[in-house]
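Quick look at run-v8.txt (compact mmCIF, N, CA and C atoms):
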```
# COMPACT_ATOMS: atom_id res chain seq x y z
N MET A 1 80.71 33.54 135.45
CA MET A 1 81.62 34.07 136.47
C MET A 1 80.77 34.55 137.64
N SER A 2 81.05 34.05 138.83
CA SER A 2 80.30 34.50 139.99
C SER A 2 80.78 35.88 140.42
N ASP A 3 79.89 36.60 141.11
CA ASP A 3 80.26 37.94 141.59
C ASP A 3 81.48 37.89 142.51
N LYS A 4 81.68 36.77 143.21
CA LYS A 4 82.79 36.67 144.15
C LYS A 4 84.13 36.57 143.46
N SER A 5 84.15 36.22 142.18
CA SER A 5 85.42 36.09 141.48
C SER A 5 85.76 37.32 140.63
N LEU A 6 85.03 38.40 140.83
CA LEU A 6 85.27 39.60 140.03
C LEU A 6 86.58 40.29 140.42
N LYS A 7 87.25 40.82 139.40
CA LYS A 7 88.47 41.62 139.60
C LYS A 7 88.04 43.08 139.63
N ALA A 8 88.32 43.74 140.74
CA ALA A 8 87.83 45.10 140.94
C ALA A 8 88.93 46.14 140.79
N ALA A 9 88.54 47.26 140.21
CA ALA A 9 89.38 48.46 140.15
C ALA A 9 88.73 49.50 141.02
N LEU A 10 89.51 50.18 141.83
CA LEU A 10 88.99 51.27 142.65
C LEU A 10 89.40 52.58 141.99
N TYR A 11 88.43 53.46 141.75
CA TYR A 11 88.72 54.74 141.12
C TYR A 11 88.40 55.88 142.09
N PHE A 12 89.40 56.76 142.27
CA PHE A 12 89.24 57.92 143.16
C PHE A 12 89.56 59.19 142.37
N ARG A 13 88.71 60.21 142.54
CA ARG A 13 88.98 61.50 141.91
C ARG A 13 88.49 62.59 142.85
N GLN A 14 89.27 63.66 142.88
CA GLN A 14 88.82 64.86 143.59
C GLN A 14 89.41 66.06 142.89
N SER A 15 88.72 67.18 143.04
CA SER A 15 89.10 68.41 142.34
C SER A 15 90.26 69.14 143.00
N VAL A 16 90.36 69.03 144.30
CA VAL A 16 91.37 69.75 145.06
C VAL A 16 92.29 68.73 145.74
N ASP A 17 93.58 69.00 145.76
CA ASP A 17 94.55 68.07 146.32
C ASP A 17 94.51 68.10 147.85
N ILE A 18 93.64 67.27 148.42
CA ILE A 18 93.54 67.09 149.87
C ILE A 18 93.61 65.59 150.11
N GLN A 19 94.74 65.11 150.60
CA GLN A 19 94.97 63.67 150.70
C GLN A 19 93.88 62.95 151.50
N GLU A 20 93.35 63.59 152.54
CA GLU A 20 92.35 62.90 153.35
C GLU A 20 91.10 62.59 152.53
N GLY A 21 90.82 63.37 151.49
CA GLY A 21 89.67 63.08 150.63
C GLY A 21 89.86 61.79 149.87
N ILE A 22 91.04 61.59 149.32
CA ILE A 22 91.34 60.35 148.60
C ILE A 22 91.34 59.18 149.58
N GLU A 23 91.91 59.37 150.75
CA GLU A 23 91.95 58.29 151.75
C GLU A 23 90.55 57.87 152.18
N ARG A 24 89.64 58.84 152.34
CA ARG A 24 88.25 58.50 152.70
C ARG A 24 87.61 57.67 151.58
N GLN A 25 87.83 58.10 150.34
CA GLN A 25 87.29 57.34 149.22
C GLN A 25 87.86 55.92 149.20
N ARG A 26 89.17 55.81 149.41
CA ARG A 26 89.85 54.51 149.40
C ARG A 26 89.26 53.59 150.47
N THR A 27 89.13 54.09 151.67
CA THR A 27 88.61 53.28 152.78
C THR A 27 87.20 52.77 152.47
N ARG A 28 86.36 53.65 151.99
CA ARG A 28 84.97 53.27 151.72
C ARG A 28 84.87 52.28 150.56
N CYS A 29 85.64 52.49 149.51
CA CYS A 29 85.60 51.59 148.34
C CYS A 29 86.20 50.23 148.67
N ARG A 30 87.28 50.22 149.44
CA ARG A 30 87.88 48.94 149.84
C ARG A 30 86.90 48.13 150.70
N HIS A 31 86.17 48.82 151.56
CA HIS A 31 85.19 48.14 152.40
C HIS A 31 84.11 47.48 151.52
N LEU A 32 83.62 48.19 150.52
CA LEU A 32 82.60 47.64 149.62
C LEU A 32 83.15 46.43 148.86
N ALA A 33 84.34 46.55 148.30
CA ALA A 33 84.94 45.44 147.56
C ALA A 33 85.14 44.23 148.47
N SER A 34 85.58 44.46 149.68
CA SER A 34 85.79 43.38 150.64
C SER A 34 84.46 42.71 151.00
N ALA A 35 83.43 43.51 151.22
CA ALA A 35 82.12 42.96 151.57
C ALA A 35 81.57 42.09 150.45
N ARG A 36 81.90 42.42 149.22
CA ARG A 36 81.43 41.64 148.07
C ARG A 36 82.41 40.52 147.69
N GLU A 37 83.52 40.44 148.43
CA GLU A 37 84.55 39.43 148.22
C GLU A 37 85.18 39.52 146.83
N TRP A 38 85.39 40.75 146.38
CA TRP A 38 86.05 41.00 145.10
C TRP A 38 87.54 41.18 145.33
N GLU A 39 88.33 40.76 144.37
CA GLU A 39 89.77 40.96 144.41
C GLU A 39 90.09 42.34 143.84
N VAL A 40 90.68 43.19 144.65
CA VAL A 40 91.09 44.51 144.17
C VAL A 40 92.42 44.34 143.44
N VAL A 41 92.40 44.57 142.13
CA VAL A 41 93.61 44.36 141.32
C VAL A 41 94.38 45.65 141.07
N ASP A 42 93.73 46.81 141.24
CA ASP A 42 94.44 48.07 141.05
C ASP A 42 93.61 49.23 141.58
N GLU A 43 94.31 50.33 141.86
CA GLU A 43 93.67 51.58 142.24
C GLU A 43 94.07 52.63 141.21
N TYR A 44 93.13 53.51 140.89
CA TYR A 44 93.35 54.57 139.90
C TYR A 44 92.99 55.89 140.58
N VAL A 45 93.97 56.77 140.71
CA VAL A 45 93.78 58.01 141.45
C VAL A 45 94.01 59.21 140.55
N ASP A 46 92.97 60.01 140.37
CA ASP A 46 93.09 61.29 139.69
C ASP A 46 92.90 62.37 140.75
N ASN A 47 94.00 62.76 141.37
CA ASN A 47 93.99 63.76 142.43
C ASN A 47 94.18 65.14 141.81
N ASP A 48 93.46 66.11 142.30
CA ASP A 48 93.55 67.48 141.80
C ASP A 48 93.12 67.55 140.33
N VAL A 49 92.07 66.81 140.00
CA VAL A 49 91.53 66.78 138.64
C VAL A 49 90.07 67.22 138.71
N SER A 50 89.79 68.43 138.27
CA SER A 50 88.43 68.94 138.33
C SER A 50 87.59 68.39 137.19
N ALA A 51 86.29 68.60 137.30
CA ALA A 51 85.36 68.13 136.28
C ALA A 51 85.60 68.81 134.94
N THR A 52 86.25 69.96 134.95
CA THR A 52 86.47 70.69 133.71
C THR A 52 87.78 70.33 133.03
N LYS A 53 88.65 69.57 133.70
CA LYS A 53 89.92 69.18 133.10
C LYS A 53 89.76 67.92 132.27
N SER A 54 90.53 67.81 131.22
CA SER A 54 90.51 66.64 130.36
C SER A 54 91.05 65.43 131.12
N ARG A 55 90.46 64.28 130.84
CA ARG A 55 90.95 63.04 131.44
C ARG A 55 91.47 62.13 130.33
N GLY A 56 92.31 62.68 129.49
CA GLY A 56 92.86 61.92 128.36
C GLY A 56 94.09 61.13 128.75
N GLU A 57 94.93 60.87 127.77
CA GLU A 57 96.15 60.10 127.96
C GLU A 57 96.96 60.64 129.15
N GLY A 58 97.54 59.74 129.89
CA GLY A 58 98.37 60.12 131.03
C GLY A 58 97.61 60.24 132.34
N THR A 59 96.29 60.08 132.31
CA THR A 59 95.51 60.15 133.54
C THR A 59 95.19 58.74 134.03
N ALA A 60 94.83 58.65 135.29
CA ALA A 60 94.42 57.36 135.85
C ALA A 60 93.15 56.87 135.15
N TRP A 61 92.27 57.78 134.81
CA TRP A 61 91.03 57.44 134.10
C TRP A 61 91.36 56.71 132.79
N SER A 62 92.27 57.26 132.02
CA SER A 62 92.66 56.66 130.74
C SER A 62 93.29 55.28 130.94
N ARG A 63 94.15 55.17 131.93
CA ARG A 63 94.79 53.88 132.23
C ARG A 63 93.74 52.85 132.64
N MET A 64 92.75 53.28 133.45
CA MET A 64 91.70 52.37 133.90
C MET A 64 90.87 51.90 132.71
N LEU A 65 90.51 52.80 131.80
CA LEU A 65 89.74 52.40 130.63
C LEU A 65 90.50 51.37 129.80
N ASN A 66 91.79 51.60 129.60
CA ASN A 66 92.62 50.66 128.85
C ASN A 66 92.69 49.31 129.54
N ASP A 67 92.86 49.31 130.86
CA ASP A 67 92.93 48.06 131.61
C ASP A 67 91.59 47.31 131.56
N ALA A 68 90.49 48.04 131.66
CA ALA A 68 89.17 47.41 131.60
C ALA A 68 88.93 46.81 130.22
N ALA A 69 89.28 47.54 129.18
CA ALA A 69 89.11 47.04 127.81
C ALA A 69 89.98 45.82 127.56
N GLY A 70 91.13 45.75 128.24
CA GLY A 70 92.04 44.63 128.09
C GLY A 70 91.70 43.42 128.95
N GLY A 71 90.64 43.51 129.76
CA GLY A 71 90.21 42.37 130.57
C GLY A 71 90.85 42.27 131.94
N LYS A 72 91.66 43.25 132.32
CA LYS A 72 92.28 43.22 133.65
C LYS A 72 91.25 43.47 134.75
N ILE A 73 90.17 44.16 134.40
CA ILE A 73 89.16 44.61 135.36
C ILE A 73 87.79 44.10 134.95
N ASP A 74 87.02 43.59 135.92
CA ASP A 74 85.63 43.21 135.67
C ASP A 74 84.64 44.26 136.16
N VAL A 75 85.02 44.94 137.24
CA VAL A 75 84.11 45.91 137.84
C VAL A 75 84.90 47.11 138.34
N VAL A 76 84.33 48.30 138.13
CA VAL A 76 84.93 49.54 138.62
C VAL A 76 84.12 49.99 139.83
N VAL A 77 84.83 50.30 140.91
CA VAL A 77 84.19 50.73 142.16
C VAL A 77 84.59 52.18 142.44
N ALA A 78 83.61 53.01 142.73
CA ALA A 78 83.86 54.41 143.12
C ALA A 78 82.88 54.78 144.23
N VAL A 79 83.18 55.87 144.92
CA VAL A 79 82.30 56.30 146.01
C VAL A 79 80.92 56.65 145.46
N ASN A 80 80.88 57.42 144.39
CA ASN A 80 79.61 57.75 143.74
C ASN A 80 79.86 58.11 142.28
N LEU A 81 78.80 58.23 141.52
CA LEU A 81 78.95 58.50 140.09
C LEU A 81 79.58 59.85 139.82
N ASP A 82 79.40 60.83 140.72
CA ASP A 82 80.02 62.15 140.53
C ASP A 82 81.54 62.07 140.58
N ARG A 83 82.09 61.16 141.34
CA ARG A 83 83.54 60.98 141.39
C ARG A 83 84.03 60.26 140.14
N LEU A 84 83.19 59.43 139.56
CA LEU A 84 83.58 58.58 138.44
C LEU A 84 83.30 59.21 137.08
N LEU A 85 82.09 59.65 136.88
CA LEU A 85 81.64 60.14 135.58
C LEU A 85 81.34 61.63 135.61
N ARG A 86 81.77 62.34 134.58
CA ARG A 86 81.48 63.76 134.51
C ARG A 86 80.61 64.11 133.30
N THR A 87 80.63 63.27 132.28
CA THR A 87 79.89 63.57 131.06
C THR A 87 79.31 62.28 130.48
N GLN A 88 78.41 62.45 129.54
CA GLN A 88 77.87 61.30 128.81
C GLN A 88 78.99 60.57 128.07
N LYS A 89 79.97 61.33 127.60
CA LYS A 89 81.13 60.75 126.92
C LYS A 89 81.89 59.81 127.87
N ASP A 90 82.04 60.20 129.13
CA ASP A 90 82.70 59.35 130.13
C ASP A 90 81.92 58.05 130.30
N LEU A 91 80.60 58.17 130.42
CA LEU A 91 79.76 56.99 130.61
C LEU A 91 79.90 56.05 129.41
N THR A 92 79.84 56.60 128.22
CA THR A 92 79.96 55.78 127.01
C THR A 92 81.32 55.09 126.95
N ALA A 93 82.38 55.83 127.24
CA ALA A 93 83.73 55.25 127.20
C ALA A 93 83.85 54.10 128.19
N LEU A 94 83.30 54.26 129.39
CA LEU A 94 83.37 53.20 130.40
C LEU A 94 82.51 52.01 129.99
N MET A 95 81.31 52.26 129.51
CA MET A 95 80.42 51.17 129.10
C MET A 95 81.02 50.39 127.92
N ASP A 96 81.73 51.07 127.04
CA ASP A 96 82.34 50.40 125.89
C ASP A 96 83.41 49.39 126.31
N THR A 97 83.95 49.52 127.50
CA THR A 97 84.96 48.55 127.97
C THR A 97 84.34 47.23 128.39
N GLY A 98 83.06 47.23 128.68
CA GLY A 98 82.38 46.02 129.15
C GLY A 98 82.43 45.84 130.66
N ALA A 99 83.11 46.73 131.38
CA ALA A 99 83.21 46.62 132.84
C ALA A 99 81.88 46.96 133.51
N LEU A 100 81.63 46.30 134.61
CA LEU A 100 80.49 46.63 135.45
C LEU A 100 80.88 47.85 136.29
N VAL A 101 79.90 48.58 136.81
CA VAL A 101 80.16 49.76 137.62
C VAL A 101 79.35 49.67 138.90
N THR A 102 80.04 49.84 140.03
CA THR A 102 79.39 49.84 141.34
C THR A 102 79.88 51.03 142.14
N THR A 103 78.94 51.70 142.80
CA THR A 103 79.30 52.77 143.73
C THR A 103 78.67 52.46 145.08
N LEU A 104 79.00 53.26 146.06
CA LEU A 104 78.39 53.08 147.38
C LEU A 104 76.90 53.39 147.33
N GLU A 105 76.48 54.12 146.30
CA GLU A 105 75.08 54.53 146.16
C GLU A 105 74.26 53.61 145.27
N GLY A 106 74.92 52.74 144.50
CA GLY A 106 74.19 51.86 143.59
C GLY A 106 75.08 51.37 142.47
N GLU A 107 74.44 50.86 141.43
CA GLU A 107 75.17 50.24 140.34
C GLU A 107 74.63 50.70 139.00
N ILE A 108 75.46 50.58 138.00
CA ILE A 108 74.98 50.60 136.62
C ILE A 108 75.05 49.14 136.22
N ASP A 109 73.91 48.52 136.14
CA ASP A 109 73.84 47.08 135.93
C ASP A 109 73.73 46.78 134.44
N ARG A 110 74.76 46.14 133.90
CA ARG A 110 74.80 45.81 132.47
C ARG A 110 74.68 44.32 132.25
N ARG A 111 74.12 43.63 133.22
CA ARG A 111 74.00 42.18 133.08
C ARG A 111 72.59 41.80 132.65
N ASN A 112 72.49 40.71 131.92
CA ASN A 112 71.18 40.22 131.53
C ASN A 112 70.62 39.33 132.65
N ALA A 113 69.50 38.70 132.41
CA ALA A 113 68.84 37.91 133.45
C ALA A 113 69.71 36.77 133.96
N SER A 114 70.64 36.28 133.14
CA SER A 114 71.51 35.20 133.59
C SER A 114 72.78 35.74 134.24
N HIS A 115 72.81 37.05 134.49
CA HIS A 115 73.92 37.73 135.17
C HIS A 115 75.21 37.72 134.37
N ARG A 116 75.09 37.69 133.06
CA ARG A 116 76.26 37.83 132.20
C ARG A 116 76.30 39.24 131.65
N PRO A 117 77.48 39.87 131.63
CA PRO A 117 77.55 41.22 131.05
C PRO A 117 77.15 41.19 129.58
N TYR A 118 76.50 42.26 129.14
CA TYR A 118 76.18 42.36 127.74
C TYR A 118 76.54 43.75 127.23
N ARG A 119 76.84 43.83 125.97
CA ARG A 119 77.20 45.10 125.34
C ARG A 119 76.02 45.64 124.55
N ASN A 120 76.06 46.94 124.32
CA ASN A 120 75.07 47.61 123.49
C ASN A 120 73.65 47.44 124.03
N GLY A 121 73.55 47.12 125.29
CA GLY A 121 72.24 47.01 125.91
C GLY A 121 71.86 48.32 126.55
N LYS A 122 70.66 48.37 127.01
CA LYS A 122 70.19 49.57 127.68
C LYS A 122 70.85 49.66 129.05
N VAL A 123 71.39 50.82 129.39
CA VAL A 123 71.98 51.03 130.70
C VAL A 123 70.86 51.38 131.66
N ARG A 124 70.81 50.64 132.76
CA ARG A 124 69.79 50.96 133.76
C ARG A 124 70.45 51.05 135.12
N SER A 125 69.96 51.92 135.92
CA SER A 125 70.51 52.09 137.26
C SER A 125 69.69 51.21 138.20
N SER A 126 70.35 50.55 139.10
CA SER A 126 69.64 49.73 140.08
C SER A 126 70.18 50.04 141.46
N PRO A 127 69.30 50.16 142.44
CA PRO A 127 69.77 50.48 143.79
C PRO A 127 70.59 49.35 144.38
N GLN A 128 71.53 49.71 145.22
CA GLN A 128 72.36 48.72 145.91
C GLN A 128 71.53 48.01 146.95
N ARG A 129 71.74 46.74 147.06
CA ARG A 129 70.98 45.96 148.05
C ARG A 129 71.87 45.52 149.16
```

Give the structure from this file in structure tokens form.
Amino acid sequence: MSDKSLKAALYFRQSVDIQEGIERQRTRCRHLASAREWEVVDEYVDNDVSATKSRGEGTAWSRMLNDAAGGKIDVVVAVNLDRLLRTQKDLTALMDTGALVTTLEGEIDRRNASHRPYRNGKVRSSPQR
């Protein structure tokens, strides 16, 4: 699968309900997805969700994980890892879905040398080019 055919999910989270914060995240993430020629298939918004609140059932995070595990999503796009991941448990849950992760600051690259996603591999961070 070429990078241009990836199905992208945009994930937005902020601790305080300020709509302009979500809109800024949306604009920036859509620009990145467009530049990479990815199809945005859904947006997941956890507004007014602090790092200390649970992101279990009923949250956009939970819905996104389920969609990624079900193959609806190939790559998750967020402004930065702080908006996306709050704990090692979050990282593990996302990696278990098999989805790739890209932020405006870089990627968690889970692909092997032939650019195919792999599971149970070492997670390494690579700068965005």

What's around segment 10-16 of chain A at 8 Å? Count only C-alpha atoms, leave out sequence neighbours fewer than 2 positions away in its own chain, and write the answer as a compact mmCIF listing (two decimals) with N, CA and C atoms, keeping the file's coordinate frame.
```
# COMPACT_ATOMS: atom_id res chain seq x y z
N ALA A 8 88.32 43.74 140.74
CA ALA A 8 87.83 45.10 140.94
C ALA A 8 88.93 46.14 140.79
N ILE A 18 93.64 67.27 148.42
CA ILE A 18 93.54 67.09 149.87
C ILE A 18 93.61 65.59 150.11
N GLY A 21 90.82 63.37 151.49
CA GLY A 21 89.67 63.08 150.63
C GLY A 21 89.86 61.79 149.87
N ILE A 22 91.04 61.59 149.32
CA ILE A 22 91.34 60.35 148.60
C ILE A 22 91.34 59.18 149.58
N GLN A 25 87.83 58.10 150.34
CA GLN A 25 87.29 57.34 149.22
C GLN A 25 87.86 55.92 149.20
N ARG A 26 89.17 55.81 149.41
CA ARG A 26 89.85 54.51 149.40
C ARG A 26 89.26 53.59 150.47
N CYS A 29 85.64 52.49 149.51
CA CYS A 29 85.60 51.59 148.34
C CYS A 29 86.20 50.23 148.67
N ARG A 30 87.28 50.22 149.44
CA ARG A 30 87.88 48.94 149.84
C ARG A 30 86.90 48.13 150.70
N VAL A 40 90.68 43.19 144.65
CA VAL A 40 91.09 44.51 144.17
C VAL A 40 92.42 44.34 143.44
N ASP A 42 93.73 46.81 141.24
CA ASP A 42 94.44 48.07 141.05
C ASP A 42 93.61 49.23 141.58
N GLU A 43 94.31 50.33 141.86
CA GLU A 43 93.67 51.58 142.24
C GLU A 43 94.07 52.63 141.21
N TYR A 44 93.13 53.51 140.89
CA TYR A 44 93.35 54.57 139.90
C TYR A 44 92.99 55.89 140.58
N VAL A 45 93.97 56.77 140.71
CA VAL A 45 93.78 58.01 141.45
C VAL A 45 94.01 59.21 140.55
N ASP A 46 92.97 60.01 140.37
CA ASP A 46 93.09 61.29 139.69
C ASP A 46 92.90 62.37 140.75
N ASN A 47 94.00 62.76 141.37
CA ASN A 47 93.99 63.76 142.43
C ASN A 47 94.18 65.14 141.81
N ASP A 48 93.46 66.11 142.30
CA ASP A 48 93.55 67.48 141.80
C ASP A 48 93.12 67.55 140.33
N VAL A 49 92.07 66.81 140.00
CA VAL A 49 91.53 66.78 138.64
C VAL A 49 90.07 67.22 138.71
N SER A 50 89.79 68.43 138.27
CA SER A 50 88.43 68.94 138.33
C SER A 50 87.59 68.39 137.19
N ALA A 51 86.29 68.60 137.30
CA ALA A 51 85.36 68.13 136.28
C ALA A 51 85.60 68.81 134.94
N TRP A 61 92.27 57.78 134.81
CA TRP A 61 91.03 57.44 134.10
C TRP A 61 91.36 56.71 132.79
N VAL A 76 84.33 48.30 138.13
CA VAL A 76 84.93 49.54 138.62
C VAL A 76 84.12 49.99 139.83
N VAL A 77 84.83 50.30 140.91
CA VAL A 77 84.19 50.73 142.16
C VAL A 77 84.59 52.18 142.44
N ALA A 78 83.61 53.01 142.73
CA ALA A 78 83.86 54.41 143.12
C ALA A 78 82.88 54.78 144.23
N VAL A 79 83.18 55.87 144.92
CA VAL A 79 82.30 56.30 146.01
C VAL A 79 80.92 56.65 145.46
N ARG A 83 82.09 61.16 141.34
CA ARG A 83 83.54 60.98 141.39
C ARG A 83 84.03 60.26 140.14
N LEU A 84 83.19 59.43 139.56
CA LEU A 84 83.58 58.58 138.44
C LEU A 84 83.30 59.21 137.08
```

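Proximity of A:Leu94, A:Leu6, A:Ile108, A:Val101 to Leu65 of chain A, computed with only N, CA and C atoms, is greatest for A:Leu94.
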
Between atom CA of Arg36 of chain A and atom N of Leu104 of chain A lies a distance of 12.0 Å

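Of the listed residues A:Ala9, A:Ala69, A:Asp17, A:Arg63, the one whose atoms come nearest to Asp96 of chain A is A:Ala69, with distances taken using all atoms listed in the file.
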
Atom pair atom CA of Glu57 of chain A / atom CA of Thr92 of chain A: separation (Å): 16.8 Å

Would you work out the distance separating atom CA of Ser5 of chain A from atom CA of Arg55 of chain A, expressed in Å to one decimal? 29.3 Å

DSSP on the backbone, strand (DSSP E or B) only: what residues of segment 6-127 of chain A does that give? Format it as an NGL selection string. :A and (7-14 or 39-47 or 75-78 or 100-103 or 106-109 or 111 or 117 or 124-127)

With N, CA and C atoms retained, export the selected residues as a tab-separated table (two decimals), keeping the file's coordinate frame.
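Output (result.tsv):
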```tsv
chain	number	residue	atom	x	y	z
A	7	LYS	N	87.25	40.82	139.40
A	7	LYS	CA	88.47	41.62	139.60
A	7	LYS	C	88.04	43.08	139.63
A	8	ALA	N	88.32	43.74	140.74
A	8	ALA	CA	87.83	45.10	140.94
A	8	ALA	C	88.93	46.14	140.79
A	9	ALA	N	88.54	47.26	140.21
A	9	ALA	CA	89.38	48.46	140.15
A	9	ALA	C	88.73	49.50	141.02
A	10	LEU	N	89.51	50.18	141.83
A	10	LEU	CA	88.99	51.27	142.65
A	10	LEU	C	89.40	52.58	141.99
A	11	TYR	N	88.43	53.46	141.75
A	11	TYR	CA	88.72	54.74	141.12
A	11	TYR	C	88.40	55.88	142.09
A	12	PHE	N	89.40	56.76	142.27
A	12	PHE	CA	89.24	57.92	143.16
A	12	PHE	C	89.56	59.19	142.37
A	13	ARG	N	88.71	60.21	142.54
A	13	ARG	CA	88.98	61.50	141.91
A	13	ARG	C	88.49	62.59	142.85
A	14	GLN	N	89.27	63.66	142.88
A	14	GLN	CA	88.82	64.86	143.59
A	14	GLN	C	89.41	66.06	142.89
A	39	GLU	N	88.33	40.76	144.37
A	39	GLU	CA	89.77	40.96	144.41
A	39	GLU	C	90.09	42.34	143.84
A	40	VAL	N	90.68	43.19	144.65
A	40	VAL	CA	91.09	44.51	144.17
A	40	VAL	C	92.42	44.34	143.44
A	41	VAL	N	92.40	44.57	142.13
A	41	VAL	CA	93.61	44.36	141.32
A	41	VAL	C	94.38	45.65	141.07
A	42	ASP	N	93.73	46.81	141.24
A	42	ASP	CA	94.44	48.07	141.05
A	42	ASP	C	93.61	49.23	141.58
A	43	GLU	N	94.31	50.33	141.86
A	43	GLU	CA	93.67	51.58	142.24
A	43	GLU	C	94.07	52.63	141.21
A	44	TYR	N	93.13	53.51	140.89
A	44	TYR	CA	93.35	54.57	139.90
A	44	TYR	C	92.99	55.89	140.58
A	45	VAL	N	93.97	56.77	140.71
A	45	VAL	CA	93.78	58.01	141.45
A	45	VAL	C	94.01	59.21	140.55
A	46	ASP	N	92.97	60.01	140.37
A	46	ASP	CA	93.09	61.29	139.69
A	46	ASP	C	92.90	62.37	140.75
A	47	ASN	N	94.00	62.76	141.37
A	47	ASN	CA	93.99	63.76	142.43
A	47	ASN	C	94.18	65.14	141.81
A	75	VAL	N	85.02	44.94	137.24
A	75	VAL	CA	84.11	45.91	137.84
A	75	VAL	C	84.90	47.11	138.34
A	76	VAL	N	84.33	48.30	138.13
A	76	VAL	CA	84.93	49.54	138.62
A	76	VAL	C	84.12	49.99	139.83
A	77	VAL	N	84.83	50.30	140.91
A	77	VAL	CA	84.19	50.73	142.16
A	77	VAL	C	84.59	52.18	142.44
A	78	ALA	N	83.61	53.01	142.73
A	78	ALA	CA	83.86	54.41	143.12
A	78	ALA	C	82.88	54.78	144.23
A	100	LEU	N	81.63	46.30	134.61
A	100	LEU	CA	80.49	46.63	135.45
A	100	LEU	C	80.88	47.85	136.29
A	101	VAL	N	79.90	48.58	136.81
A	101	VAL	CA	80.16	49.76	137.62
A	101	VAL	C	79.35	49.67	138.90
A	102	THR	N	80.04	49.84	140.03
A	102	THR	CA	79.39	49.84	141.34
A	102	THR	C	79.88	51.03	142.14
A	103	THR	N	78.94	51.70	142.80
A	103	THR	CA	79.30	52.77	143.73
A	103	THR	C	78.67	52.46	145.08
A	106	GLY	N	74.92	52.74	144.50
A	106	GLY	CA	74.19	51.86	143.59
A	106	GLY	C	75.08	51.37	142.47
A	107	GLU	N	74.44	50.86	141.43
A	107	GLU	CA	75.17	50.24	140.34
A	107	GLU	C	74.63	50.70	139.00
A	108	ILE	N	75.46	50.58	138.00
A	108	ILE	CA	74.98	50.60	136.62
A	108	ILE	C	75.05	49.14	136.22
A	109	ASP	N	73.91	48.52	136.14
A	109	ASP	CA	73.84	47.08	135.93
A	109	ASP	C	73.73	46.78	134.44
A	111	ARG	N	74.12	43.63	133.22
A	111	ARG	CA	74.00	42.18	133.08
A	111	ARG	C	72.59	41.80	132.65
A	117	PRO	N	77.48	39.87	131.63
A	117	PRO	CA	77.55	41.22	131.05
A	117	PRO	C	77.15	41.19	129.58
A	124	ARG	N	70.81	50.64	132.76
A	124	ARG	CA	69.79	50.96	133.76
A	124	ARG	C	70.45	51.05	135.12
A	125	SER	N	69.96	51.92	135.92
A	125	SER	CA	70.51	52.09	137.26
A	125	SER	C	69.69	51.21	138.20
A	126	SER	N	70.35	50.55	139.10
A	126	SER	CA	69.64	49.73	140.08
A	126	SER	C	70.18	50.04	141.46
A	127	PRO	N	69.30	50.16	142.44
A	127	PRO	CA	69.77	50.48	143.79
A	127	PRO	C	70.59	49.35	144.38
```

Nearest residue to Thr103 of chain A from the set A:Ala68, A:Leu91, A:Leu32, A:Ile73 (distances using all atoms listed in the file):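 Using all atoms listed in the file, Thr103 of chain A sits closest to A:Leu32.
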